[in-house]
Amino acid sequence: MESQKKVIERLRIAFRSNMTVPLHFRLTQLEALLSLLEDNEAQILEALHKDLNKPKFEAVVSDIELVANELRYTICNLEAWLKPTYVNKNLPTKLDDCFVRREPLGVVLIIGAWNYPLQLILAPLVGAIAAGNCAVLKPSEISQATEQLLSELIPKYLSQECYAVICGGAEETKSLLQNRFDHIFYTGSQAVARSILQAAAVHLTPVTLELGGKCPCLVYGHLDLKAAANRLVWAKFFNVGQSCVAPDYVLCTAEMRDKLIPLIVEALEAFYGPRINESADYGRIVTDRHWNRLMELLGKSQGKVVIGGEGVKEDKYIAPTVIVDVTESDALMQEEIFGPILPILTVESLEEGIRFINEREKPLALYVFSDQAPVVNTVLEQTSSGGFCSNDGIVHMTLPELPFGGVGASGMGSYHGRWGFETFSHRRACMLRGWGLERLSVLRYPPYQESNLGWLRWAARAKKKNWGVCSII
Ligand code: NAD
């Protein structure tokens with residue numbers, strides 16, 4: 001087998017040849033990736049079923065279609081994104097061409113997690129290809145069937161000179177990280193993210209971290225509680241709660257909790273039938289280790305199980321579980337749950353709910369369920385999180401126009417749509433000057449004159465309209 005070093009060298013040679021730069025090359029690769037998804041849907045579904053017992057519907061929506069949509073959107077827009085962005089000028093630069101040019105970074109490393117094992121490798125890859133990079137892909141070894149399939153399919157569809165899959169777990173990833181990359185895009189836990197940052201620091205490599213955390217769902221005021229229960233149950237138990245943006249816990253008043261619980265029971269029965277363990281629409285926990293972790297967490301909780309609570313180890317099954325009377329110091333509130341356990345904590349007011357959220361690390365997603373715009377706006381304005389969605393869960397991340405990423409402990413950087421292209425691009429500041437206005441240039445040359453300083457200050461001063469283009473795109 002080719003060593004990691006050799007693979008990276010091969011990609012670096014390809015990058016230096018500039019073959020990834022032309023628009024036509026990028027579009028061809030993106031179209032090939034789309035064909036990979038279309039031609040191999042059955043094998044992909046089979047692999048995701050092997051790894052996570054993923055129902056076809058969930059696999060299509062969250063792994064296959066999400067990536068396919070990213071591809072279609074990028075293919076349609078890439079030519080426009082590649083155009084230089086001309087910026088406003090001041091008097092001393094009036095005759096110059098001043099623009100921002102998007103350039104590829106080089107050879108990038110994409111490390112994925114196991115919960116959406118196809119999406120978390122291929123969606124960042126769309127941005128990396130679009131931006132003109134070569135890429136090493138390191139899928140999660142935990143979702144082994146998908147890892148295997150990716151390592152077979154990627155070389156069949158994409159340029160082998162430019163893109164490679166390297167398989168393995170922590171040890172292989174650590175050794176991979178000793179090499180120099182031009183960007184590292186990591187999806188996974190906060191604990192491993194620290195070692196990724198340390199490894200990146202050695203080469204001063206920029207890093208995007210797509211991490212997790214505890215995403216709160218604040219239910220408050222007037223609302224359609226039945227619809228709220230349906231959406232909450234869907235968002236929480238989709239992929240058996242193994243989603244970085246799944247609602248981790250609910251905050252509501254005691255009165256709201258008592259109304260919500262029977263509606264959650266109804267929604268669960270309507271979705272999965274009376275015997276959830278027999279439902280084809282409910283997945284499984286990824287490994288025994290994760291099953292043990294979740295059942296231990298459940299055992300340590302001081303809360304009261306009001307729905308579910310049972311698990312079958314041989315089947316890696318854990319029932320959708322709702323727990324009440326959970327306090328801040330409860331085991332369930334000390335770490336991201338990342339499974340089908342939903343604690344409901346009570347607060348007496350909206351202010352208390354907001355305070356509770358703000359006393360913790362900034363989450364990847366924050367949900368507020370309420371019919372009242374002032375409630376939604378207050379939560380939006382007084383909190384911070386990677387993403388925000390009112391009256392639903394997860395769906396905000398399916399729109400390629402919105403950046404997807406965390407803030408604070410939930411991550412740094414973002415992707416999806418143009419944001420992925422930007423993440424993998426260097427925005428090069430370009431000023432193309434001629435020889436005009438030399439008489440103005442004289443003002444800045446020594447011997448310095450106090451009188452020229454005033455002119456220069458006036459001429460170069462930023463005007464308000466110059467700041468009209470301060471967004472990154
Ligand atoms: P994981 O165990 O699959 O690890 C992620 C990647 O890191 C894998 O490719 C793995 O091989 C590698 N890895 C593991 N240990 C390592 C080490 N010591 N050194 C270097 N590399 C190592 O996945 P996980 O970490 O269990 O993923 C779950 C976490 O990821 C959750 O916190 C979840 O919220 C988060 N997540 C975030 C997003 C997002 O988009 N923000 C998406 C999915 C998951």
# chains A, B, ... in the order shown; residues from 1 in each chain; ligands from 1
call {"tool": "residues_near_ligand", "arguments": {"ligand": "ligand 1", "cutoff": "6 Å", "atoms": "only C-alpha atoms and all ligand atoms", "output": "PDB file with C-alpha atoms, in the first residue's frame"}}
result
ATOM      1  CA  ILE A 111     -11.413  14.394   8.526  1.00  0.00           C
ATOM      2  CA  GLY A 112     -14.973  13.143   9.006  1.00  0.00           C
ATOM      3  CA  ALA A 113     -17.098  11.723  11.834  1.00  0.00           C
ATOM      4  CA  TRP A 114     -19.281   8.618  11.806  1.00  0.00           C
ATOM      5  CA  ASN A 115     -22.819   9.919  12.283  1.00  0.00           C
ATOM      6  CA  LYS A 138     -10.016  10.621   6.123  1.00  0.00           C
ATOM      7  CA  PRO A 139     -13.452   9.108   6.828  1.00  0.00           C
ATOM      8  CA  SER A 140     -14.327   7.824  10.280  1.00  0.00           C
ATOM      9  CA  GLU A 141     -13.173   4.262  10.890  1.00  0.00           C
ATOM     10  CA  ILE A 142     -16.204   3.721  13.148  1.00  0.00           C
ATOM     11  CA  GLY A 169      -8.474   5.480  13.165  1.00  0.00           C
ATOM     12  CA  ALA A 170      -6.767   7.664  15.758  1.00  0.00           C
ATOM     13  CA  THR A 173      -4.913  10.193  11.720  1.00  0.00           C
ATOM     14  CA  LYS A 174      -2.208  11.263  14.153  1.00  0.00           C
ATOM     15  CA  THR A 187     -15.564  17.239  12.003  1.00  0.00           C
ATOM     16  CA  GLY A 188     -15.824  15.451  15.332  1.00  0.00           C
ATOM     17  CA  SER A 189     -15.578  15.826  19.064  1.00  0.00           C
ATOM     18  CA  VAL A 192     -10.002  15.338  19.519  1.00  0.00           C
ATOM     19  CA  GLU A 210     -16.995  21.436  12.998  1.00  0.00           C
ATOM     20  CA  LEU A 211     -17.730  20.291  16.540  1.00  0.00           C
ATOM     21  CA  GLY A 212     -20.700  19.535  18.714  1.00  0.00           C
ATOM     22  CA  GLY A 213     -22.016  20.495  22.101  1.00  0.00           C
ATOM     23  CA  CYS A 244     -24.539  17.334  16.054  1.00  0.00           C
TER      24      CYS A 244
END
call {"tool": "closest_atom_pairs", "arguments": {"of": "region 397-433 of chain A", "to": "region 178-186 of chain A", "cutoff": "12 Å", "atoms": "only C-alpha atoms", "output": "Markdown table"}}
result
| residue | atom | partner | partner_atom | distance |
| --- | --- | --- | --- | --- |
| A:Gly405 | CA | A:Tyr186 | CA | 11.3 |
| A:Gly411 | CA | A:Tyr186 | CA | 9.5 |
| A:Met412 | CA | A:Tyr186 | CA | 10.0 |
| A:Gly413 | CA | A:Phe185 | CA | 9.2 |
| A:Ser414 | CA | A:Phe185 | CA | 9.7 |
| A:Tyr415 | CA | A:Phe185 | CA | 9.9 |
| A:Gly420 | CA | A:Phe185 | CA | 10.4 |
| A:Thr423 | CA | A:His183 | CA | 9.1 |
| A:Phe424 | CA | A:His183 | CA | 7.5 |
| A:Ser425 | CA | A:His183 | CA | 9.7 |
| A:His426 | CA | A:Asp182 | CA | 10.4 |
call {"tool": "write_last_selection", "arguments": {"atoms": "C-alpha atoms", "output": "short mmCIF file (atom, residue, chain, number, x, y, z; two decimals), in the first residue's frame"}}
result
data_model
loop_
_atom_site.label_atom_id
_atom_site.label_comp_id
_atom_site.auth_asym_id
_atom_site.auth_seq_id
_atom_site.Cartn_x
_atom_site.Cartn_y
_atom_site.Cartn_z
CA GLY A 405 -20.61 25.97 11.52
CA GLY A 411 -16.39 25.12 16.31
CA MET A 412 -14.71 27.65 14.08
CA GLY A 413 -15.27 28.37 10.41
CA SER A 414 -18.17 27.29 8.26
CA TYR A 415 -19.15 25.62 5.01
CA GLY A 420 -17.50 26.04 1.73
CA THR A 423 -13.38 28.30 3.47
CA PHE A 424 -11.11 26.49 1.03
CA SER A 425 -10.07 29.65 -0.84
CA HIS A 426 -7.48 32.27 -0.12
#
call {"tool": "select_by_dssp", "arguments": {"residues": "region 76-227 of chain A", "states": "strand (DSSP E or B)", "output": "VMD selection string"}}
result
chain A and resid 85 to 86 97 to 104 107 to 111 134 to 138 163 to 165 183 to 187 207 to 210 215 to 219
call {"tool": "write_last_selection", "arguments": {"atoms": "C-alpha atoms", "output": "PDB file, in the first residue's frame"}}
result
ATOM      1  CA  THR A  85     -14.731  41.042  -6.488  1.00  0.00           C
ATOM      2  CA  TYR A  86     -13.928  44.636  -7.355  1.00  0.00           C
ATOM      3  CA  ASP A  97      -7.590  47.822 -10.479  1.00  0.00           C
ATOM      4  CA  CYS A  98      -8.422  46.773  -6.920  1.00  0.00           C
ATOM      5  CA  PHE A  99     -10.054  43.418  -6.428  1.00  0.00           C
ATOM      6  CA  VAL A 100     -10.207  40.255  -4.365  1.00  0.00           C
ATOM      7  CA  ARG A 101      -9.263  37.045  -6.129  1.00  0.00           C
ATOM      8  CA  ARG A 102     -10.190  33.587  -4.819  1.00  0.00           C
ATOM      9  CA  GLU A 103      -7.256  31.207  -5.061  1.00  0.00           C
ATOM     10  CA  PRO A 104      -6.880  27.578  -3.983  1.00  0.00           C
ATOM     11  CA  VAL A 107      -3.445  20.177  -0.480  1.00  0.00           C
ATOM     12  CA  VAL A 108      -6.136  20.050   2.199  1.00  0.00           C
ATOM     13  CA  LEU A 109      -7.101  17.366   4.710  1.00  0.00           C
ATOM     14  CA  ILE A 110     -10.748  16.545   5.446  1.00  0.00           C
ATOM     15  CA  ILE A 111     -11.413  14.394   8.526  1.00  0.00           C
ATOM     16  CA  CYS A 134      -6.265  18.746  -3.930  1.00  0.00           C
ATOM     17  CA  ALA A 135      -7.675  16.826  -0.989  1.00  0.00           C
ATOM     18  CA  VAL A 136      -6.903  13.906   1.305  1.00  0.00           C
ATOM     19  CA  LEU A 137     -10.076  12.407   2.756  1.00  0.00           C
ATOM     20  CA  LYS A 138     -10.016  10.621   6.123  1.00  0.00           C
ATOM     21  CA  TYR A 163      -7.880  13.304  -4.459  1.00  0.00           C
ATOM     22  CA  ALA A 164      -7.174  10.362  -2.179  1.00  0.00           C
ATOM     23  CA  VAL A 165      -8.873   8.487   0.640  1.00  0.00           C
ATOM     24  CA  HIS A 183      -5.880  23.524   5.462  1.00  0.00           C
ATOM     25  CA  ILE A 184      -7.383  20.996   7.856  1.00  0.00           C
ATOM     26  CA  PHE A 185     -11.142  20.581   7.946  1.00  0.00           C
ATOM     27  CA  TYR A 186     -12.133  18.500  10.973  1.00  0.00           C
ATOM     28  CA  THR A 187     -15.564  17.239  12.003  1.00  0.00           C
ATOM     29  CA  VAL A 207      -8.130  24.818  10.614  1.00  0.00           C
ATOM     30  CA  THR A 208     -11.894  24.581  10.351  1.00  0.00           C
ATOM     31  CA  LEU A 209     -13.463  22.775  13.299  1.00  0.00           C
ATOM     32  CA  GLU A 210     -16.995  21.436  12.998  1.00  0.00           C
ATOM     33  CA  CYS A 215     -28.020  22.335  21.540  1.00  0.00           C
ATOM     34  CA  PRO A 216     -30.857  23.762  23.628  1.00  0.00           C
ATOM     35  CA  CYS A 217     -34.499  23.926  22.588  1.00  0.00           C
ATOM     36  CA  LEU A 218     -36.416  26.618  24.419  1.00  0.00           C
ATOM     37  CA  VAL A 219     -40.199  26.162  24.250  1.00  0.00           C
TER      38      VAL A 219
END
call {"tool": "select_by_dssp", "arguments": {"residues": "region 203-417 of chain A", "states": "alpha helix (DSSP H)", "output": "ChimeraX atom specification"}}
result
/A:203,225-237,254-272,288-300,350-358,373-382,417
call {"tool": "closest_residue", "arguments": {"among": "A:Leu332, A:Cys252, A:Ile337, A:Met431", "to": "Ser370 (chain A)", "atoms": "only C-alpha atoms"}}
result
A:Cys252
call {"tool": "residues_around", "arguments": {"residues": "region 70-80 of chain A", "least_positions_apart": "4", "cutoff": "8 Å", "atoms": "only C-alpha atoms", "output": "list in words"}}
result
Leu23, Leu27, Leu30, Glu31, Leu33, Leu34, Leu66, Ala123, Val126, Ala130, Pro400, His416, Gly417 and Arg418 of chain A
call {"tool": "write_last_selection", "arguments": {"atoms": "N, CA, C and O atoms", "output": "mmCIF file, in the first residue's frame"}}
result
data_model
loop_
_atom_site.group_PDB
_atom_site.id
_atom_site.type_symbol
_atom_site.label_atom_id
_atom_site.label_comp_id
_atom_site.auth_asym_id
_atom_site.auth_seq_id
_atom_site.Cartn_x
_atom_site.Cartn_y
_atom_site.Cartn_z
ATOM 1 N N LEU A 23 -11.546 26.298 -14.431
ATOM 2 C CA LEU A 23 -12.964 26.091 -14.087
ATOM 3 C C LEU A 23 -13.451 24.750 -14.641
ATOM 4 O O LEU A 23 -14.168 24.006 -13.973
ATOM 5 N N LEU A 27 -15.354 21.795 -12.561
ATOM 6 C CA LEU A 27 -16.732 21.391 -12.879
ATOM 7 C C LEU A 27 -16.788 19.910 -13.237
ATOM 8 O O LEU A 27 -17.709 19.200 -12.834
ATOM 9 N N LEU A 30 -16.675 17.954 -10.034
ATOM 10 C CA LEU A 30 -17.931 18.078 -9.275
ATOM 11 C C LEU A 30 -19.023 17.238 -9.940
ATOM 12 O O LEU A 30 -19.808 16.558 -9.262
ATOM 13 N N GLU A 31 -19.048 17.249 -11.261
ATOM 14 C CA GLU A 31 -20.050 16.438 -11.972
ATOM 15 C C GLU A 31 -19.782 14.951 -11.768
ATOM 16 O O GLU A 31 -20.708 14.149 -11.614
ATOM 17 N N LEU A 33 -18.492 13.656 -9.138
ATOM 18 C CA LEU A 33 -18.928 13.337 -7.764
ATOM 19 C C LEU A 33 -20.449 13.141 -7.730
ATOM 20 O O LEU A 33 -20.962 12.261 -7.022
ATOM 21 N N LEU A 34 -21.133 13.948 -8.513
ATOM 22 C CA LEU A 34 -22.591 13.789 -8.603
ATOM 23 C C LEU A 34 -22.929 12.426 -9.218
ATOM 24 O O LEU A 34 -23.833 11.729 -8.744
ATOM 25 N N LEU A 66 -28.341 15.781 0.519
ATOM 26 C CA LEU A 66 -27.678 16.998 1.013
ATOM 27 C C LEU A 66 -26.414 17.281 0.209
ATOM 28 O O LEU A 66 -26.176 18.402 -0.227
ATOM 29 N N ALA A 123 -19.468 16.668 1.619
ATOM 30 C CA ALA A 123 -19.910 18.082 1.567
ATOM 31 C C ALA A 123 -18.710 19.037 1.687
ATOM 32 O O ALA A 123 -18.610 19.986 0.904
ATOM 33 N N VAL A 126 -16.828 19.119 -1.656
ATOM 34 C CA VAL A 126 -17.411 19.973 -2.706
ATOM 35 C C VAL A 126 -16.737 21.347 -2.663
ATOM 36 O O VAL A 126 -16.290 21.867 -3.695
ATOM 37 N N ALA A 130 -14.281 22.871 -5.506
ATOM 38 C CA ALA A 130 -14.743 24.127 -6.122
ATOM 39 C C ALA A 130 -13.663 25.201 -6.020
ATOM 40 O O ALA A 130 -13.468 25.993 -6.936
ATOM 41 N N PRO A 400 -28.283 25.593 1.373
ATOM 42 C CA PRO A 400 -26.877 25.890 1.060
ATOM 43 C C PRO A 400 -26.527 27.377 1.126
ATOM 44 O O PRO A 400 -25.354 27.731 1.192
ATOM 45 N N HIS A 416 -20.823 24.797 3.474
ATOM 46 C CA HIS A 416 -22.094 24.678 2.740
ATOM 47 C C HIS A 416 -22.164 25.819 1.726
ATOM 48 O O HIS A 416 -21.903 26.991 2.058
ATOM 49 N N GLY A 417 -22.551 25.439 0.505
ATOM 50 C CA GLY A 417 -22.721 26.433 -0.550
ATOM 51 C C GLY A 417 -21.471 27.273 -0.739
ATOM 52 O O GLY A 417 -20.346 26.775 -0.654
ATOM 53 N N ARG A 418 -21.664 28.558 -0.929
ATOM 54 C CA ARG A 418 -20.532 29.439 -1.179
ATOM 55 C C ARG A 418 -19.579 29.506 0.019
ATOM 56 O O ARG A 418 -18.379 29.762 -0.127
#
call {"tool": "residues_around", "arguments": {"residues": "region 443-459 of chain A", "least_positions_apart": "3", "cutoff": "12 Å", "atoms": "only C-alpha atoms", "output": "PyMOL selection string"}}
result
chain A and resi 89-94+437-440+462-463
call {"tool": "residues_around", "arguments": {"residues": "Val368 (chain A)", "least_positions_apart": "3", "cutoff": "12 Å", "atoms": "only C-alpha atoms", "output": "VMD selection string"}}
result
chain A and resid 215 to 223 228 231 to 232 247 249 to 252 350 353 to 354 357 365 371 to 380 383 387 to 393
call {"tool": "residues_around", "arguments": {"residues": "Met1 (chain A)", "least_positions_apart": "6", "cutoff": "12 Å", "atoms": "only C-alpha atoms", "output": "ChimeraX atom specification"}}
result
/A:7,166-167
call {"tool": "write_last_selection", "arguments": {"atoms": "C-alpha atoms", "output": "CSV table (one decimal), in the first residue's frame"}}
result
chain,number,residue,atom,x,y,z
A,7,VAL,CA,0.0,9.9,-1.3
A,166,ILE,CA,-6.8,7.4,3.6
A,167,CYS,CA,-8.4,4.9,6.0
call {"tool": "residues_around", "arguments": {"residues": "Asn53 (chain A)", "least_positions_apart": "3", "cutoff": "6 Å", "atoms": "only C-alpha atoms", "output": "PyMOL selection string"}}
result
chain A and resi 49-50+283-284
call {"tool": "closest_residue", "arguments": {"among": "A:Thr253, A:Pro320, A:Val202, A:Ala47", "to": "Asn277 (chain A)", "atoms": "only C-alpha atoms"}}
result
A:Pro320
call {"tool": "closest_residue", "arguments": {"among": "A:Leu225, A:Leu125, A:Met333, A:Leu176", "to": "Arg360 (chain A)", "atoms": "only C-alpha atoms"}}
result
A:Met333
